[in-house]
$ cat work21.cif   # mmCIF, C-alpha atoms
data_protein
#
loop_
_atom_site.label_atom_id
_atom_site.label_comp_id
_atom_site.auth_asym_id
_atom_site.auth_seq_id
_atom_site.Cartn_x
_atom_site.Cartn_y
_atom_site.Cartn_z
CA MET F 1 53.11 28.40 -74.27
CA ASP F 2 52.39 27.45 -77.92
CA LEU F 3 50.74 24.27 -76.68
CA VAL F 4 48.46 26.28 -74.39
CA PHE F 5 47.26 28.60 -77.15
CA LYS F 6 46.77 25.70 -79.58
CA ALA F 7 44.80 23.77 -76.96
CA LEU F 8 42.62 26.80 -76.23
CA ALA F 9 41.98 27.52 -79.91
CA ASP F 10 39.10 25.05 -80.06
CA GLU F 11 35.52 25.54 -78.90
CA SER F 12 35.08 21.92 -77.73
CA ARG F 13 38.22 22.03 -75.60
CA ARG F 14 37.17 25.34 -74.05
CA LEU F 15 33.81 23.72 -73.27
CA LEU F 16 35.57 20.81 -71.55
CA LEU F 17 37.52 23.28 -69.40
CA ASP F 18 34.25 25.07 -68.56
CA ARG F 19 32.77 21.74 -67.44
CA LEU F 20 35.72 21.07 -65.16
CA ARG F 21 35.59 24.58 -63.78
CA ALA F 22 31.93 24.04 -62.85
CA ASP F 23 32.59 20.57 -61.45
CA ASN F 24 36.22 19.60 -60.95
CA ALA F 25 37.52 16.01 -60.73
CA GLN F 26 35.44 14.19 -63.38
CA THR F 27 36.03 10.85 -65.06
CA LEU F 28 35.93 10.41 -68.84
CA ASN F 29 32.46 8.83 -68.46
CA GLN F 30 31.16 11.79 -66.48
CA LEU F 31 32.54 14.28 -69.00
CA CYS F 32 31.00 12.32 -71.90
CA ALA F 33 27.63 12.14 -70.15
CA GLY F 34 27.63 15.94 -69.87
CA LEU F 35 28.44 16.40 -73.58
CA PRO F 36 26.02 14.25 -75.61
CA GLY F 37 27.02 16.09 -78.80
CA MET F 38 30.58 14.72 -78.68
CA THR F 39 31.71 11.16 -79.22
CA ARG F 40 33.73 9.42 -76.55
CA GLN F 41 36.72 9.28 -78.91
CA ALA F 42 36.51 13.03 -79.53
CA VAL F 43 36.34 13.82 -75.81
CA SER F 44 39.25 11.50 -75.16
CA LYS F 45 41.33 13.13 -77.91
CA HIS F 46 40.58 16.65 -76.66
CA LEU F 47 41.49 15.64 -73.10
CA ALA F 48 44.87 14.34 -74.31
CA ILE F 49 45.60 17.68 -76.02
CA LEU F 50 44.57 19.61 -72.91
CA GLU F 51 46.73 17.36 -70.73
CA GLU F 52 49.70 17.81 -73.08
CA ALA F 53 49.31 21.59 -72.65
CA ASN F 54 49.12 21.10 -68.84
CA LEU F 55 45.65 22.69 -68.78
CA ILE F 56 44.24 19.60 -67.12
CA ALA F 57 45.81 17.20 -64.66
CA ALA F 58 44.66 13.58 -64.87
CA ILE F 59 45.10 11.67 -61.62
CA LYS F 60 44.58 7.92 -61.34
CA ARG F 61 42.15 6.80 -58.68
CA GLY F 62 41.79 3.03 -58.68
CA ARG F 63 40.81 2.01 -62.22
CA GLU F 64 39.57 5.47 -63.11
CA LYS F 65 41.28 8.71 -64.02
CA LEU F 66 39.98 11.94 -62.54
CA HIS F 67 40.42 15.10 -64.61
CA TYR F 68 41.15 18.41 -62.93
CA LEU F 69 41.26 21.88 -64.44
CA ASN F 70 44.82 23.19 -64.03
CA PRO F 71 44.73 26.99 -64.44
CA VAL F 72 48.44 27.50 -63.66
CA PRO F 73 49.54 27.99 -67.32
CA ILE F 74 46.74 30.51 -67.88
CA HIS F 75 47.88 32.36 -64.76
CA GLU F 76 51.41 32.48 -66.19
CA ILE F 77 50.07 34.02 -69.42
CA ALA F 78 48.18 36.64 -67.42
CA GLU F 79 51.29 37.42 -65.35
CA ARG F 80 53.31 37.94 -68.52
CA TRP F 81 51.09 40.64 -69.99
CA ILE F 82 49.10 42.08 -67.11
CA GLY F 83 51.07 44.22 -64.68
CA LYS F 84 50.44 43.96 -60.98
CA PHE F 85 48.93 47.45 -60.84
CA GLU F 86 46.55 47.02 -63.73
CA ARG F 87 44.93 43.93 -62.28
CA SER F 88 42.48 45.59 -59.88
CA ARG F 89 41.28 47.99 -62.60
CA LEU F 90 40.84 45.11 -65.06
CA ASP F 91 38.90 43.13 -62.42
CA ALA F 92 36.58 46.11 -62.01
CA LEU F 93 36.10 46.41 -65.78
CA SER F 94 35.48 42.67 -66.11
CA GLN F 95 32.84 42.79 -63.36
CA LEU F 96 31.19 45.78 -65.00
CA LYS F 97 31.07 43.94 -68.34
CA GLN F 98 29.55 40.87 -66.70
CA ALA F 99 26.97 42.95 -64.85
CA LEU F 100 25.94 44.83 -68.01
CA GLU F 101 25.75 41.68 -70.14
CA ARG F 102 23.66 39.90 -67.52
CA ARG F 103 21.13 42.74 -67.64
CA ASP F 104 20.61 42.18 -71.38
CA GLU F 105 19.80 38.48 -71.01
CA MET Q 106 28.74 17.91 -46.51
CA SER Q 107 30.41 17.12 -49.82
CA LYS Q 108 34.16 17.42 -50.16
CA ALA Q 109 35.99 19.16 -52.97
CA SER Q 110 39.47 18.58 -54.34
CA HIS Q 111 41.74 20.50 -56.69
CA VAL Q 112 44.99 19.55 -58.38
CA TYR Q 113 47.60 22.01 -59.68
CA VAL Q 114 50.64 21.13 -61.79
CA THR Q 115 53.64 23.15 -62.86
CA TYR Q 116 56.87 22.22 -64.63
CA ILE Q 117 59.97 23.91 -63.22
CA ARG Q 118 63.52 23.99 -64.52
CA ALA Q 119 65.16 23.05 -61.20
CA THR Q 120 66.21 20.04 -59.15
CA PRO Q 121 63.81 18.25 -56.76
CA GLU Q 122 66.04 19.41 -53.86
CA LYS Q 123 65.62 23.08 -54.85
CA VAL Q 124 61.84 22.72 -55.13
CA TRP Q 125 61.70 20.96 -51.75
CA SER Q 126 63.76 23.76 -50.14
CA ALA Q 127 61.62 26.46 -51.72
CA ILE Q 128 58.53 24.93 -50.09
CA THR Q 129 60.02 24.07 -46.68
CA ASP Q 130 62.61 26.79 -46.02
CA PRO Q 131 61.01 29.77 -44.21
CA ASP Q 132 63.27 32.37 -45.85
CA LEU Q 133 62.89 30.95 -49.37
CA SER Q 134 59.11 30.48 -49.11
CA GLY Q 135 58.84 34.07 -47.88
CA ARG Q 136 60.43 35.37 -51.07
CA TYR Q 137 57.83 34.08 -53.55
CA TRP Q 138 54.84 33.16 -51.34
CA GLY Q 139 54.87 36.14 -48.99
CA HIS Q 140 54.60 33.69 -46.10
CA ARG Q 141 57.23 31.75 -44.18
CA ASN Q 142 56.51 28.01 -43.95
CA VAL Q 143 57.84 27.00 -40.54
CA SER Q 144 58.19 23.41 -39.31
CA GLU Q 145 60.65 20.65 -38.49
CA TRP Q 146 59.05 18.80 -41.46
CA THR Q 147 59.10 15.44 -39.69
CA VAL Q 148 55.96 13.28 -39.49
CA GLY Q 149 53.79 14.46 -36.61
CA ALA Q 150 55.42 17.91 -36.38
CA SER Q 151 53.21 20.97 -36.63
CA TRP Q 152 53.70 23.53 -39.41
CA GLU Q 153 52.74 27.19 -39.62
CA HIS Q 154 52.23 29.57 -42.53
CA ARG Q 155 53.32 32.96 -41.17
CA ARG Q 156 52.99 36.34 -42.84
CA LEU Q 157 56.25 38.15 -43.45
CA ASP Q 158 55.09 41.32 -41.71
CA ALA Q 159 54.49 40.88 -37.98
CA GLY Q 160 54.34 37.10 -38.38
CA LYS Q 161 50.56 36.64 -38.15
CA ILE Q 162 49.80 32.93 -38.59
CA ASP Q 163 47.32 32.38 -41.43
CA LEU Q 164 47.38 28.56 -41.71
CA VAL Q 165 48.41 25.68 -39.48
CA GLY Q 166 48.57 21.91 -39.70
CA THR Q 167 50.52 18.74 -39.07
CA VAL Q 168 53.09 16.99 -41.23
CA LEU Q 169 51.51 13.68 -42.35
CA GLU Q 170 54.20 12.37 -44.72
CA SER Q 171 57.72 13.63 -45.34
CA GLN Q 172 60.03 12.06 -47.94
CA PRO Q 173 62.51 14.76 -48.93
CA PRO Q 174 62.85 15.74 -51.73
CA ARG Q 175 59.95 13.85 -53.34
CA ARG Q 176 56.77 13.99 -51.30
CA LEU Q 177 55.35 16.12 -48.51
CA VAL Q 178 51.81 15.80 -47.14
CA VAL Q 179 50.40 18.19 -44.56
CA SER Q 180 47.04 18.91 -42.99
CA TRP Q 181 45.91 22.47 -43.70
CA ALA Q 182 43.46 24.66 -41.77
CA PHE Q 183 42.78 28.19 -40.56
CA PRO Q 184 44.16 28.50 -36.99
CA GLY Q 185 40.63 28.84 -35.55
CA ASP Q 186 39.42 25.67 -37.31
CA VAL Q 187 42.15 23.28 -36.31
CA ASP Q 188 39.88 21.38 -33.89
CA LYS Q 189 37.01 21.05 -36.39
CA PRO Q 190 37.73 17.93 -38.47
CA ALA Q 191 35.28 18.98 -41.21
CA LYS Q 192 37.34 22.12 -41.80
CA VAL Q 193 40.76 20.50 -41.90
CA SER Q 194 41.93 19.86 -45.47
CA ARG Q 195 44.98 18.09 -46.79
CA VAL Q 196 47.73 19.12 -49.20
CA ALA Q 197 50.16 16.75 -50.95
CA PHE Q 198 53.23 18.07 -52.78
CA ASP Q 199 54.68 15.56 -55.25
CA ILE Q 200 58.00 16.43 -56.85
CA ASP Q 201 58.87 14.18 -59.81
CA VAL Q 202 61.80 14.39 -62.21
CA HIS Q 203 60.27 15.09 -65.62
CA LYS Q 204 63.21 15.48 -67.99
CA ASP Q 205 66.91 15.87 -67.28
CA ASP Q 206 66.61 19.34 -65.84
CA MET Q 207 62.88 19.67 -65.18
CA VAL Q 208 60.63 18.66 -62.33
CA ARG Q 209 56.90 18.29 -62.32
CA LEU Q 210 55.39 19.68 -59.12
CA THR Q 211 51.86 18.44 -58.37
CA VAL Q 212 49.88 20.03 -55.56
CA SER Q 213 46.79 18.01 -54.62
CA HIS Q 214 44.48 19.83 -52.22
CA THR Q 215 41.80 17.44 -50.95
CA ASP Q 216 39.18 17.15 -48.19
CA LEU Q 217 38.04 20.73 -48.76
CA GLU Q 218 34.66 21.83 -47.53
CA SER Q 219 32.79 22.32 -50.81
CA GLY Q 220 32.10 26.01 -51.46
CA GLY Q 221 33.68 27.04 -48.16
CA GLU Q 222 36.02 29.95 -47.48
CA MET Q 223 39.10 27.72 -47.75
CA GLU Q 224 38.09 26.37 -51.16
CA ARG Q 225 37.46 29.90 -52.44
CA GLY Q 226 40.80 31.06 -51.09
CA ILE Q 227 42.94 28.25 -52.42
CA THR Q 228 41.47 28.27 -55.93
CA GLN Q 229 42.67 31.88 -56.17
CA GLY Q 230 45.87 31.17 -54.29
CA TRP Q 231 47.49 28.06 -55.79
CA PRO Q 232 47.77 29.29 -59.41
CA PHE Q 233 49.52 32.42 -58.09
CA VAL Q 234 51.80 30.54 -55.67
CA LEU Q 235 52.89 27.97 -58.27
CA SER Q 236 53.51 30.62 -60.96
CA SER Q 237 55.48 32.66 -58.45
CA LEU Q 238 57.49 29.60 -57.32
CA LYS Q 239 58.36 28.73 -60.92
CA SER Q 240 59.44 32.30 -61.61
CA PHE Q 241 61.46 32.42 -58.38
CA LEU Q 242 63.38 29.21 -59.11
CA GLU Q 243 63.95 29.93 -62.80
CA THR Q 244 64.70 33.68 -62.67
CA GLY Q 245 65.47 34.39 -59.02
CA LYS Q 246 62.39 36.58 -58.70
CA GLY Q 247 58.94 35.66 -57.44
CA LEU Q 248 55.80 37.50 -58.50
CA LEU Q 249 55.30 39.38 -55.23
#
$ encode --input "work21.cif" --output "structure tokens"
Amino acid sequence: MDLVFKALADESRRLLLDRLRADNAQTLNQLCAGLPGMTRQAVSKHLAILEEANLIAAIKRGREKLHYLNPVPIHEIAERWIGKFERSRLDALSQLKQALERRDE
Amino acid sequence: MSKASHVYVTYIRATPEKVWSAITDPDLSGRYWGHRNVSEWTVGASWEHRRLDAGKIDLVGTVLESQPPRRLVVSWAFPGDVDKPAKVSRVAFDIDVHKDDMVRLTVSHTDLESGGEMERGITQGWPFVLSSLKSFLETGKGLL
């Protein structure tokens, strides 16, 4: 679990996870093309840290590797601190927050 | 129609045989998944994903590969969609020994209709099922 929190404690790595959430199964080239502000070496290094924390799964396909967002460790963190009966109320609060913040944009 | 795929990985302190049984044994799968997985688990056999209460069948498919306890591949569809090839997806379970007492379970769900009901359902479902399976095998209790 330490690895998960360390991996998530970085804006660039959270951005990479956001990119995979929007469009799963991307190659290193595709991820780099979507992030012109980051060097290829930086993206590659961040991906290795995310893979080490099991937050992404990298699957070989021919000569390429496809990167998938793996939310299972985040689910385990949620299960540890959020009780079964609180979840529906928290979902409602989260939706309310999103709806209110959208109105301000 | 574009196809989507998702891959989920969890590390479990258990043997490959225990993980295989937890996926393929109706009574064991019922205890952490809330559904009984019922099949002969031989290539070409059908499989069903039945609710514990009243036994309503929520998913059906065919066993495409079966190499106990390392790899299982099944087709995966809602019962009403089984004759519509565009709506039949595919799930591979790969069970690899990671360290002495750990296995790495990889679930690859491919050939999904992009943005369809099945894709929406499984992206909610797999993280829960794999967390619950890990908890069940390591502590004896699923997350149901």
$ closest_atom_pairs --input "work21.cif" --of "chain F" --to "chain Q" --cutoff "6 Å" --atoms "only C-alpha atoms" --output "JSON lines"
{"residue": "F:Asn70", "atom": "CA", "partner": "Q:Tyr113", "partner_atom": "CA", "distance": 5.3}
{"residue": "F:Val72", "atom": "CA", "partner": "Q:Pro232", "partner_atom": "CA", "distance": 4.7}
{"residue": "F:Glu76", "atom": "CA", "partner": "Q:Ser236", "partner_atom": "CA", "distance": 5.9}
$ atom_distance --input "work21.cif" --atom1 "atom CA of Ile77 of chain F" --atom2 "atom CA of Gly245 of chain Q"
18.6 Å
$ resolve_selection --input "work21.cif" --expression "the PyMOL selection byres ((chain F and resi 19-32) around 6)" --output "VMD selection string"
chain F and resid 16 to 18 33 to 35 65 to 69
$ residues_around --input "work21.cif" --residues "Leu50 of chain F" --least-positions-apart "5" --cutoff "10 Å" --atoms "only C-alpha atoms" --output "short mmCIF file (atom, residue, chain, number, x, y, z; two decimals) with C-alpha atoms, keeping the file's coordinate frame"
data_model
loop_
_atom_site.label_atom_id
_atom_site.label_comp_id
_atom_site.auth_asym_id
_atom_site.auth_seq_id
_atom_site.Cartn_x
_atom_site.Cartn_y
_atom_site.Cartn_z
CA LEU F 3 50.74 24.27 -76.68
CA VAL F 4 48.46 26.28 -74.39
CA LYS F 6 46.77 25.70 -79.58
CA ALA F 7 44.80 23.77 -76.96
CA LEU F 8 42.62 26.80 -76.23
CA ARG F 13 38.22 22.03 -75.60
CA ARG F 14 37.17 25.34 -74.05
CA LEU F 16 35.57 20.81 -71.55
CA LEU F 17 37.52 23.28 -69.40
CA SER F 44 39.25 11.50 -75.16
CA LYS F 45 41.33 13.13 -77.91
CA LEU F 55 45.65 22.69 -68.78
CA ILE F 56 44.24 19.60 -67.12
CA ALA F 57 45.81 17.20 -64.66
CA LEU F 69 41.26 21.88 -64.44
CA ASN F 70 44.82 23.19 -64.03
#
$ atom_distance --input "work21.cif" --atom1 "atom CA of Trp146 of chain Q" --atom2 "atom CA of Thr129 of chain Q"
7.5 Å
$ resolve_selection --input "work21.cif" --expression "the PyMOL selection byres ((chain Q and resi 158) around 12)" --output "PDB file with C-alpha atoms, keeping the file's coordinate frame"
ATOM      1  CA  GLY Q 135      58.840  34.070 -47.880  1.00  0.00           C
ATOM      2  CA  GLY Q 139      54.870  36.140 -48.990  1.00  0.00           C
ATOM      3  CA  HIS Q 140      54.600  33.690 -46.100  1.00  0.00           C
ATOM      4  CA  ARG Q 141      57.230  31.750 -44.180  1.00  0.00           C
ATOM      5  CA  ARG Q 155      53.320  32.960 -41.170  1.00  0.00           C
ATOM      6  CA  ARG Q 156      52.990  36.340 -42.840  1.00  0.00           C
ATOM      7  CA  LEU Q 157      56.250  38.150 -43.450  1.00  0.00           C
ATOM      8  CA  ALA Q 159      54.490  40.880 -37.980  1.00  0.00           C
ATOM      9  CA  GLY Q 160      54.340  37.100 -38.380  1.00  0.00           C
ATOM     10  CA  LYS Q 161      50.560  36.640 -38.150  1.00  0.00           C
ATOM     11  CA  ILE Q 162      49.800  32.930 -38.590  1.00  0.00           C
ATOM     12  CA  ASP Q 163      47.320  32.380 -41.430  1.00  0.00           C
TER      13      ASP Q 163
END
$ residues_around --input "work21.cif" --residues "Ile200 of chain Q" --least-positions-apart "3" --cutoff "12 Å" --atoms "only C-alpha atoms" --output "ChimeraX atom specification"
/Q:114-117,119-128,171-178,197,203,207-213
$ write_last_selection --input "work21.cif" --atoms "C-alpha atoms" --output "tab-separated table (two decimals), keeping the file's coordinate frame"
chain	number	residue	atom	x	y	z
Q	114	VAL	CA	50.64	21.13	-61.79
Q	115	THR	CA	53.64	23.15	-62.86
Q	116	TYR	CA	56.87	22.22	-64.63
Q	117	ILE	CA	59.97	23.91	-63.22
Q	119	ALA	CA	65.16	23.05	-61.20
Q	120	THR	CA	66.21	20.04	-59.15
Q	121	PRO	CA	63.81	18.25	-56.76
Q	122	GLU	CA	66.04	19.41	-53.86
Q	123	LYS	CA	65.62	23.08	-54.85
Q	124	VAL	CA	61.84	22.72	-55.13
Q	125	TRP	CA	61.70	20.96	-51.75
Q	126	SER	CA	63.76	23.76	-50.14
Q	127	ALA	CA	61.62	26.46	-51.72
Q	128	ILE	CA	58.53	24.93	-50.09
Q	171	SER	CA	57.72	13.63	-45.34
Q	172	GLN	CA	60.03	12.06	-47.94
Q	173	PRO	CA	62.51	14.76	-48.93
Q	174	PRO	CA	62.85	15.74	-51.73
Q	175	ARG	CA	59.95	13.85	-53.34
Q	176	ARG	CA	56.77	13.99	-51.30
Q	177	LEU	CA	55.35	16.12	-48.51
Q	178	VAL	CA	51.81	15.80	-47.14
Q	197	ALA	CA	50.16	16.75	-50.95
Q	203	HIS	CA	60.27	15.09	-65.62
Q	207	MET	CA	62.88	19.67	-65.18
Q	208	VAL	CA	60.63	18.66	-62.33
Q	209	ARG	CA	56.90	18.29	-62.32
Q	210	LEU	CA	55.39	19.68	-59.12
Q	211	THR	CA	51.86	18.44	-58.37
Q	212	VAL	CA	49.88	20.03	-55.56
Q	213	SER	CA	46.79	18.01	-54.62
$ resolve_selection --input "work21.cif" --expression "the PyMOL selection byres ((chain Q and resi 192) around 12)" --output "VMD selection string"
chain Q and resid 106 to 109 164 to 166 180 to 191 193 to 195 215 to 224
$ write_last_selection --input "work21.cif" --atoms "C-alpha atoms" --output "compact mmCIF listing (two decimals), keeping the file's coordinate frame"
# COMPACT_ATOMS: atom_id res chain seq x y z
CA MET Q 106 28.74 17.91 -46.51
CA SER Q 107 30.41 17.12 -49.82
CA LYS Q 108 34.16 17.42 -50.16
CA ALA Q 109 35.99 19.16 -52.97
CA LEU Q 164 47.38 28.56 -41.71
CA VAL Q 165 48.41 25.68 -39.48
CA GLY Q 166 48.57 21.91 -39.70
CA SER Q 180 47.04 18.91 -42.99
CA TRP Q 181 45.91 22.47 -43.70
CA ALA Q 182 43.46 24.66 -41.77
CA PHE Q 183 42.78 28.19 -40.56
CA PRO Q 184 44.16 28.50 -36.99
CA GLY Q 185 40.63 28.84 -35.55
CA ASP Q 186 39.42 25.67 -37.31
CA VAL Q 187 42.15 23.28 -36.31
CA ASP Q 188 39.88 21.38 -33.89
CA LYS Q 189 37.01 21.05 -36.39
CA PRO Q 190 37.73 17.93 -38.47
CA ALA Q 191 35.28 18.98 -41.21
CA VAL Q 193 40.76 20.50 -41.90
CA SER Q 194 41.93 19.86 -45.47
CA ARG Q 195 44.98 18.09 -46.79
CA THR Q 215 41.80 17.44 -50.95
CA ASP Q 216 39.18 17.15 -48.19
CA LEU Q 217 38.04 20.73 -48.76
CA GLU Q 218 34.66 21.83 -47.53
CA SER Q 219 32.79 22.32 -50.81
CA GLY Q 220 32.10 26.01 -51.46
CA GLY Q 221 33.68 27.04 -48.16
CA GLU Q 222 36.02 29.95 -47.48
CA MET Q 223 39.10 27.72 -47.75
CA GLU Q 224 38.09 26.37 -51.16
$ atom_distance --input "work21.cif" --atom1 "atom CA of Pro131 of chain Q" --atom2 "atom CA of Asp206 of chain Q"
24.7 Å
$ closest_residue --input "work21.cif" --among "Q:Trp138, Q:Asp130, Q:Gly230, Q:His214" --to "Lys246 of chain Q" --atoms "all atoms listed in the file"
Q:Trp138
$ residues_around --input "work21.cif" --residues "Ala150 of chain Q" --least-positions-apart "5" --cutoff "9 Å" --atoms "all atoms listed in the file" --output "PyMOL selection string"
chain Q and resi 144-145+166-169
$ closest_residue --input "work21.cif" --among "Q:Val196, Q:Val179, Q:His154, Q:Glu170" --to "Ser134 of chain Q" --atoms "only C-alpha atoms"
Q:His154
$ build_atoms --input "work21.cif" --residues "segment 208-221 of chain Q" --atoms "N, CA and C atoms" --output "compact mmCIF listing (two decimals), in the frame of the given file"
# COMPACT_ATOMS: atom_id res chain seq x y z
N VAL Q 208 61.47 19.45 -63.23
CA VAL Q 208 60.63 18.66 -62.33
C VAL Q 208 59.17 19.03 -62.57
N ARG Q 209 58.34 18.07 -62.27
CA ARG Q 209 56.90 18.29 -62.32
C ARG Q 209 56.45 18.36 -60.87
N LEU Q 210 55.91 19.52 -60.48
CA LEU Q 210 55.39 19.68 -59.12
C LEU Q 210 53.87 19.58 -59.18
N THR Q 211 53.32 18.62 -58.43
CA THR Q 211 51.86 18.44 -58.37
C THR Q 211 51.40 18.77 -56.96
N VAL Q 212 50.47 19.70 -56.85
CA VAL Q 212 49.88 20.03 -55.56
C VAL Q 212 48.44 19.52 -55.57
N SER Q 213 48.14 18.56 -54.69
CA SER Q 213 46.79 18.01 -54.62
C SER Q 213 46.17 18.47 -53.30
N HIS Q 214 45.14 19.29 -53.42
CA HIS Q 214 44.48 19.83 -52.22
C HIS Q 214 43.13 19.13 -52.08
N THR Q 215 43.00 18.28 -51.09
CA THR Q 215 41.80 17.44 -50.95
C THR Q 215 41.12 17.68 -49.60
N ASP Q 216 39.96 17.03 -49.44
CA ASP Q 216 39.18 17.15 -48.19
C ASP Q 216 38.76 18.58 -47.89
N LEU Q 217 38.48 19.34 -48.94
CA LEU Q 217 38.04 20.73 -48.76
C LEU Q 217 36.54 20.77 -48.57
N GLU Q 218 36.09 21.62 -47.69
CA GLU Q 218 34.66 21.83 -47.53
C GLU Q 218 34.16 22.50 -48.81
N SER Q 219 33.22 21.85 -49.50
CA SER Q 219 32.79 22.32 -50.81
C SER Q 219 32.13 23.70 -50.70
N GLY Q 220 32.67 24.66 -51.45
CA GLY Q 220 32.10 26.01 -51.46
C GLY Q 220 32.47 26.85 -50.25
N GLY Q 221 33.30 26.32 -49.37
CA GLY Q 221 33.68 27.04 -48.16
C GLY Q 221 34.74 28.10 -48.42
